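*Asks:* Supplied in structure tokens, the structure appears directly below.
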Amino acid sequence: MANIRLTRTVQSGGCAAKLSPDILFKALHKLPVSRHHNLLVGLSQPDDAGVYKLSSQIAIIQTVDFFPPIVDESYLFGQIAAANALSDVYAMGGRPVTAMNVVGFPANKLPLDILREMLKGGIDKIQESGAVLVGGHTINDVELKYGLSVTGIVHPDDIITNFNAQPGDHLILTKPLGTGVYTSALKAGRIKQGQMEPVIESMLTLNRIASEIAAKMKANACTDVTGFSLIGHSCLMASNSKVSMVIDRKAVPFFEGALELAEDGFVPCGTRNNLRSYQRYVSMPKNLPEEAVNLLFDPQTSGGLLLSVAPNKAQLLLQRLQDKGIKEAAIIGEVTKPGKRRITVI
């Protein structure tokens with residue numbers, strides 16, 4: 001295969017951040033919102049995925065996600081992109097059953113071996129999840145993009161949403177933060193892909209086990225921490241649940257070296273977008289170092305789950321996560337009654 005650095009093929013100014021909810025609201029607020037008695041989770045109260053009830057026993061979960069390369073090896077990129085897309089189903093307490101490829105490929109710039117290896121990575125991760133690849137759609141694009149449209153299933157009574165966090169709940173984060181600064185440093189040539197092994201391993205790890213444990217222990221609310229950052233996704237959960245949250249910055253797990261990379265200026269454009277969108281909803285200590293702020297707003301790829309769990313269940317749930325190998329999971333804060341700010345960082 002040709003020795004091509006995939007992260008250097010991105011043409012969009014290096015920025016592939018999600019559009020913020022504020023921008024989406026401005027674009028969509030005059031459009032009609034679909035409503036149906038079987039639509040259990042939709043755009044009227046946005047969550048990680050949509051949920052539609054088929055019967056009293058089965059509801060389907062639908063989601064889609066794709067982005068340009070964040071690592072240089074095409075097989076790894078395919079795995080990470082697939083894991084990231086599958087995560088939305090796990091965040092809703094569901095099980096993936098089918099997936100479809102979503103591909104933009106610059107056929108006149110890149111060899112087909114890259115496409116083949118990328119899709120192989122996606123297939124392997126889909127199979128690991130227990131789902132089945134059933135097809136997809138590919139276009140000739142100016143830059144490489146890959147992801148999945150995923151359908152999952154869940155019992156209608158077992159859906160975990162992001163709008164049921166309760167005052168008194170403890171907040172559990174299942175993966176460290178810092179994928180954004182690491183992938184920015186990789187693209188800038190500051191580090192080599194081999195120096196990212198713990199970060200890559202985390203991005204490759206499905207949220208399946210964490211989701212299954214959360215479902216069994218009846219977590220009150222859940223979201224996966226991806227492009228909107230820990231703060232952004234916490235804000236969305238707090239807003240939808242009509243609560244506030246306190247996050248203990250010293251309890252939040254970061255990848256080793258992430259603070260140093262942020263301090264050296266390897267901050268993705270998605271961080272700046274997240275700061276613009278969510279900073280006004282957050283109270284933070286005035287002496288909080290800038291690099292710590294940037295990591296709290298760092299866009300994650302295939303990040304962990306943020307769980308809101310009743311206080312009498314939190315320690316046991318955390319222990320079960322750690323017993324199953326999710327060693328970085330941590331209680332990072334708690335849910336409070338609505339206050340002046342959605343999020344208070346202490």
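Residues in the structure tokens are named by chain (A, B, ... in the order shown) and by number from 1 within that chain; ligands are numbered from 1 in the order shown.
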Extract, using only C-alpha atoms, all DNA, RNA and protein residues at most 7 Å from Ser302 (chain A), discarding same-chain residues fewer than 3 positions from it, and format them as a list in words.
*Replies:* Ile80, Ala83, Asn84, Ser87, Met203 and Thr226 of chain A
*Asks:* Neighbouring residues of region 204-210 of chain A were defined as those with any atom within 6 Å, considering only C-alpha atoms; residues of the same chain fewer than 2 positions away were excluded. Please report them as a JSON list (two decimals) with N, CA, C and O atoms, in the first residue's frame.
*Replies:*
[["chain", "number", "residue", "atom", "x", "y", "z"],
["A", 80, "ILE", "N", -11.93, 3.07, 14.08],
["A", 80, "ILE", "CA", -12.29, 4.17, 14.98],
["A", 80, "ILE", "C", -13.60, 4.82, 14.54],
["A", 80, "ILE", "O", -14.48, 5.10, 15.37],
["A", 83, "ALA", "N", -16.45, 2.48, 15.44],
["A", 83, "ALA", "CA", -16.70, 2.47, 16.88],
["A", 83, "ALA", "C", -17.41, 3.74, 17.31],
["A", 83, "ALA", "O", -18.32, 3.72, 18.15],
["A", 90, "TYR", "N", -25.18, 2.50, 21.81],
["A", 90, "TYR", "CA", -24.87, 2.12, 23.20],
["A", 90, "TYR", "C", -25.30, 3.20, 24.18],
["A", 90, "TYR", "O", -25.74, 2.91, 25.30],
["A", 201, "GLU", "N", -6.14, 2.89, 21.49],
["A", 201, "GLU", "CA", -6.81, 1.76, 22.13],
["A", 201, "GLU", "C", -8.16, 2.17, 22.71],
["A", 201, "GLU", "O", -9.15, 1.44, 22.59],
["A", 202, "SER", "N", -8.20, 3.35, 23.31],
["A", 202, "SER", "CA", -9.46, 3.84, 23.87],
["A", 202, "SER", "C", -10.49, 4.10, 22.76],
["A", 202, "SER", "O", -11.66, 3.73, 22.89],
["A", 212, "GLU", "N", -24.04, -2.00, 28.72],
["A", 212, "GLU", "CA", -24.76, -3.14, 29.31],
["A", 212, "GLU", "C", -24.82, -3.02, 30.84],
["A", 212, "GLU", "O", -25.86, -3.30, 31.44],
["A", 213, "ILE", "N", -23.74, -2.60, 31.45],
["A", 213, "ILE", "CA", -23.73, -2.43, 32.90],
["A", 213, "ILE", "C", -24.68, -1.30, 33.31],
["A", 213, "ILE", "O", -25.45, -1.44, 34.27]]
*Asks:* List as a PyMOL selection string the protein and nucleic acid residues near Val335 (chain A), meaning an atom at most 12 Å away when only C-alpha atoms are counted, but skip any in the same chain fewer than 2 places from it.
*Replies:* chain A and resi 164-172+220-221+234-235+237-239+241-248+307-311+331-333+337-339+342-344
*Asks:* Of the residues A:Glu328, A:Gly78, A:Gly147, A:Arg280, which is the one nearest to Pro198 (chain A), using only C-alpha atoms?
*Replies:* A:Glu328
*Asks:* Among region 193-304 of chain A, which residues does DSSP mark as strand (DSSP E) when it is run on the backbone? Keep the chain and numbering as in the structure and answer as a PDB file with N, CA, C and O atoms, in the first residue's frame.
*Replies:*
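What landed in part.pdb:
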ATOM      1  N   ALA A 221     -29.702   8.435  33.244  1.00  0.00           N
ATOM      2  CA  ALA A 221     -29.470   9.137  31.979  1.00  0.00           C
ATOM      3  C   ALA A 221     -28.087   8.783  31.466  1.00  0.00           C
ATOM      4  O   ALA A 221     -27.206   8.363  32.223  1.00  0.00           O
ATOM      5  N   CYS A 222     -27.906   8.977  30.150  1.00  0.00           N
ATOM      6  CA  CYS A 222     -26.628   8.643  29.534  1.00  0.00           C
ATOM      7  C   CYS A 222     -26.461   9.450  28.253  1.00  0.00           C
ATOM      8  O   CYS A 222     -27.436   9.745  27.551  1.00  0.00           O
ATOM      9  N   THR A 223     -25.222   9.788  27.960  1.00  0.00           N
ATOM     10  CA  THR A 223     -24.855  10.334  26.654  1.00  0.00           C
ATOM     11  C   THR A 223     -23.439   9.893  26.375  1.00  0.00           C
ATOM     12  O   THR A 223     -22.679   9.604  27.303  1.00  0.00           O
ATOM     13  N   ASP A 224     -23.079   9.807  25.092  1.00  0.00           N
ATOM     14  CA  ASP A 224     -21.665   9.528  24.810  1.00  0.00           C
ATOM     15  C   ASP A 224     -20.961  10.859  24.564  1.00  0.00           C
ATOM     16  O   ASP A 224     -21.507  11.787  23.984  1.00  0.00           O
ATOM     17  N   SER A 244     -28.978  21.154  36.952  1.00  0.00           N
ATOM     18  CA  SER A 244     -27.621  21.663  36.821  1.00  0.00           C
ATOM     19  C   SER A 244     -26.657  20.555  37.233  1.00  0.00           C
ATOM     20  O   SER A 244     -27.074  19.529  37.786  1.00  0.00           O
ATOM     21  N   MET A 245     -25.380  20.762  36.961  1.00  0.00           N
ATOM     22  CA  MET A 245     -24.372  19.763  37.288  1.00  0.00           C
ATOM     23  C   MET A 245     -23.132  20.422  37.854  1.00  0.00           C
ATOM     24  O   MET A 245     -22.775  21.542  37.452  1.00  0.00           O
ATOM     25  N   VAL A 246     -22.484  19.728  38.767  1.00  0.00           N
ATOM     26  CA  VAL A 246     -21.195  20.145  39.304  1.00  0.00           C
ATOM     27  C   VAL A 246     -20.161  19.121  38.863  1.00  0.00           C
ATOM     28  O   VAL A 246     -20.344  17.915  39.081  1.00  0.00           O
ATOM     29  N   ILE A 247     -19.103  19.590  38.212  1.00  0.00           N
ATOM     30  CA  ILE A 247     -18.031  18.707  37.748  1.00  0.00           C
ATOM     31  C   ILE A 247     -16.753  19.058  38.493  1.00  0.00           C
ATOM     32  O   ILE A 247     -16.320  20.222  38.511  1.00  0.00           O
ATOM     33  N   VAL A 282     -21.457  27.891  31.654  1.00  0.00           N
ATOM     34  CA  VAL A 282     -20.551  27.231  32.583  1.00  0.00           C
ATOM     35  C   VAL A 282     -19.907  28.242  33.524  1.00  0.00           C
ATOM     36  O   VAL A 282     -19.468  29.311  33.101  1.00  0.00           O
ATOM     37  N   SER A 283     -19.833  27.878  34.790  1.00  0.00           N
ATOM     38  CA  SER A 283     -19.078  28.645  35.782  1.00  0.00           C
ATOM     39  C   SER A 283     -17.800  27.873  36.096  1.00  0.00           C
ATOM     40  O   SER A 283     -17.856  26.695  36.449  1.00  0.00           O
TER      41      SER A 283
END
*Asks:* Which residue, A:Leu6, A:Leu148, A:Ala292, A:Val41, has the smallest gap to Leu110 (chain A) when you use only C-alpha atoms?
*Replies:*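 Once distances to Leu110 (chain A) are computed over only C-alpha atoms, the minimum belongs to A:Leu6.
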*Asks:* For a test of reading the model, state the distance in Å between CA of Gly42 (chain A) and CA of Gly136 (chain A), rounded to one decimal.
*Replies:*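 For CA of Gly42 (chain A) relative to CA of Gly136 (chain A), the distance reads 23.2 Å.
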*Asks:* Please, what distance in Å, to one decimal, runs between CA of Ala59 (chain A) and CA of Ile123 (chain A)?
*Replies:*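 Computing the Euclidean distance for CA of Ala59 (chain A) and CA of Ile123 (chain A) yields 24.4 Å.
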*Asks:* Write out as a ChimeraX atom specification the set of residues from region 7-255 of chain A that DSSP, computed on the backbone, places in alpha helix (DSSP H).
*Replies:* /A:21-28,74-91,112-129,179-187,197-204,208-216,229-241
*Asks:* Would you mind listing what lies within 7 Å of Thr7 (chain A) as a CSV table (one decimal) with N, CA, C and O atoms, in the first residue's frame, with only C-alpha atoms counted and same-chain residues fewer than 2 positions away left out?
*Replies:*
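Output file part-v5.csv is given in full below:
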chain,number,residue,atom,x,y,z
A,5,ARG,N,0.1,9.7,4.4
A,5,ARG,CA,-0.4,10.2,5.7
A,5,ARG,C,-1.8,10.7,5.5
A,5,ARG,O,-2.0,11.8,5.0
A,9,THR,N,-4.3,14.6,4.1
A,9,THR,CA,-5.1,14.7,2.9
A,9,THR,C,-6.4,15.5,3.2
A,9,THR,O,-7.1,15.8,2.2
A,10,VAL,N,-6.6,15.9,4.4
A,10,VAL,CA,-7.9,16.6,4.7
A,10,VAL,C,-7.7,18.0,4.2
A,10,VAL,O,-6.8,18.7,4.4
A,69,PRO,N,-10.2,11.6,8.2
A,69,PRO,CA,-9.2,10.8,8.9
A,69,PRO,C,-8.6,11.6,10.1
A,69,PRO,O,-8.3,12.8,10.0
A,70,ILE,N,-8.5,10.9,11.2
A,70,ILE,CA,-7.8,11.5,12.4
A,70,ILE,C,-6.6,10.7,12.8
A,70,ILE,O,-5.8,11.1,13.7
A,71,VAL,N,-6.3,9.6,12.1
A,71,VAL,CA,-5.1,8.8,12.2
A,71,VAL,C,-4.6,8.5,10.8
A,71,VAL,O,-5.4,8.7,9.8
A,72,ASP,N,-3.4,8.0,10.7
A,72,ASP,CA,-2.8,7.9,9.3
A,72,ASP,C,-3.0,6.5,8.7
A,72,ASP,O,-2.8,6.3,7.5
A,187,LYS,N,-1.6,15.3,13.5
A,187,LYS,CA,-1.7,16.0,12.2
A,187,LYS,C,-0.6,17.0,12.0
A,187,LYS,O,0.0,17.2,10.9
*Asks:* I want to know what sits within 7 Å of Val132 (chain A), based on only C-alpha atoms, with residues of the same chain fewer than 2 positions away left out; could you give that as a PyMOL selection string?
*Replies:* chain A and resi 97-99+126-127+130+134
*Asks:* Considering only C-alpha atoms, state which residue in the set A:Asp22, A:Asn240, A:Val103, A:Thr336 is at the smallest distance from Arg116 (chain A).
*Replies:* A:Val103
*Asks:* Taking only C-alpha atoms into account, which of A:Leu76, A:Val89, A:Val64, A:Leu295 comes nearest Met118 (chain A)?
*Replies:* A:Leu76
*Asks:* Applying 9 Å and only C-alpha atoms, which residues near Asp65 (chain A) remain after dropping the ones on its own chain fewer than 4 positions away? List them as a PDB file with C-alpha atoms, in the first residue's frame.
*Replies:*
ATOM      1  CA  ALA A  81     -14.946   5.705  12.742  1.00  0.00           C
ATOM      2  CA  ALA A  82     -17.110   2.601  13.099  1.00  0.00           C
ATOM      3  CA  ASN A  84     -17.629   6.147  17.061  1.00  0.00           C
ATOM      4  CA  ALA A  85     -20.836   5.632  15.061  1.00  0.00           C
ATOM      5  CA  LEU A  86     -21.839   2.519  17.004  1.00  0.00           C
ATOM      6  CA  ASP A  88     -24.714   6.342  19.803  1.00  0.00           C
ATOM      7  CA  VAL A 102     -21.131   6.188   4.457  1.00  0.00           C
ATOM      8  CA  TYR A 146     -15.977   7.551   6.497  1.00  0.00           C
ATOM      9  CA  GLY A 147     -18.599   6.513   8.996  1.00  0.00           C
ATOM     10  CA  LEU A 148     -21.722   4.452   9.465  1.00  0.00           C
ATOM     11  CA  SER A 149     -25.465   4.641   9.581  1.00  0.00           C
ATOM     12  CA  VAL A 150     -26.419   2.260  12.370  1.00  0.00           C
TER      13      VAL A 150
END
*Asks:* Any idea what the distance is between CA of Pro156 (chain A) and CA of Leu54 (chain A)?
*Replies:*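 Computing it gives 9.0 Å between the two atoms.
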*Asks:* Please determine, counting only C-alpha atoms, which residue among A:Ser20, A:Gln193, A:Thr183, A:Thr63 has the shortest atom-to-atom distance to Leu275 (chain A).
*Replies:*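 Of A:Ser20, A:Gln193, A:Thr183, A:Thr63, the one nearest Leu275 (chain A), counting only C-alpha atoms, is A:Ser20.
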*Asks:* Between A:Gln57, A:Thr151, A:Asn101, A:Gln300, which one has atoms that come closest to Thr138 (chain A), using only C-alpha atoms?
*Replies:*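 Smallest separation from Thr138 (chain A) among the options: A:Asn101.
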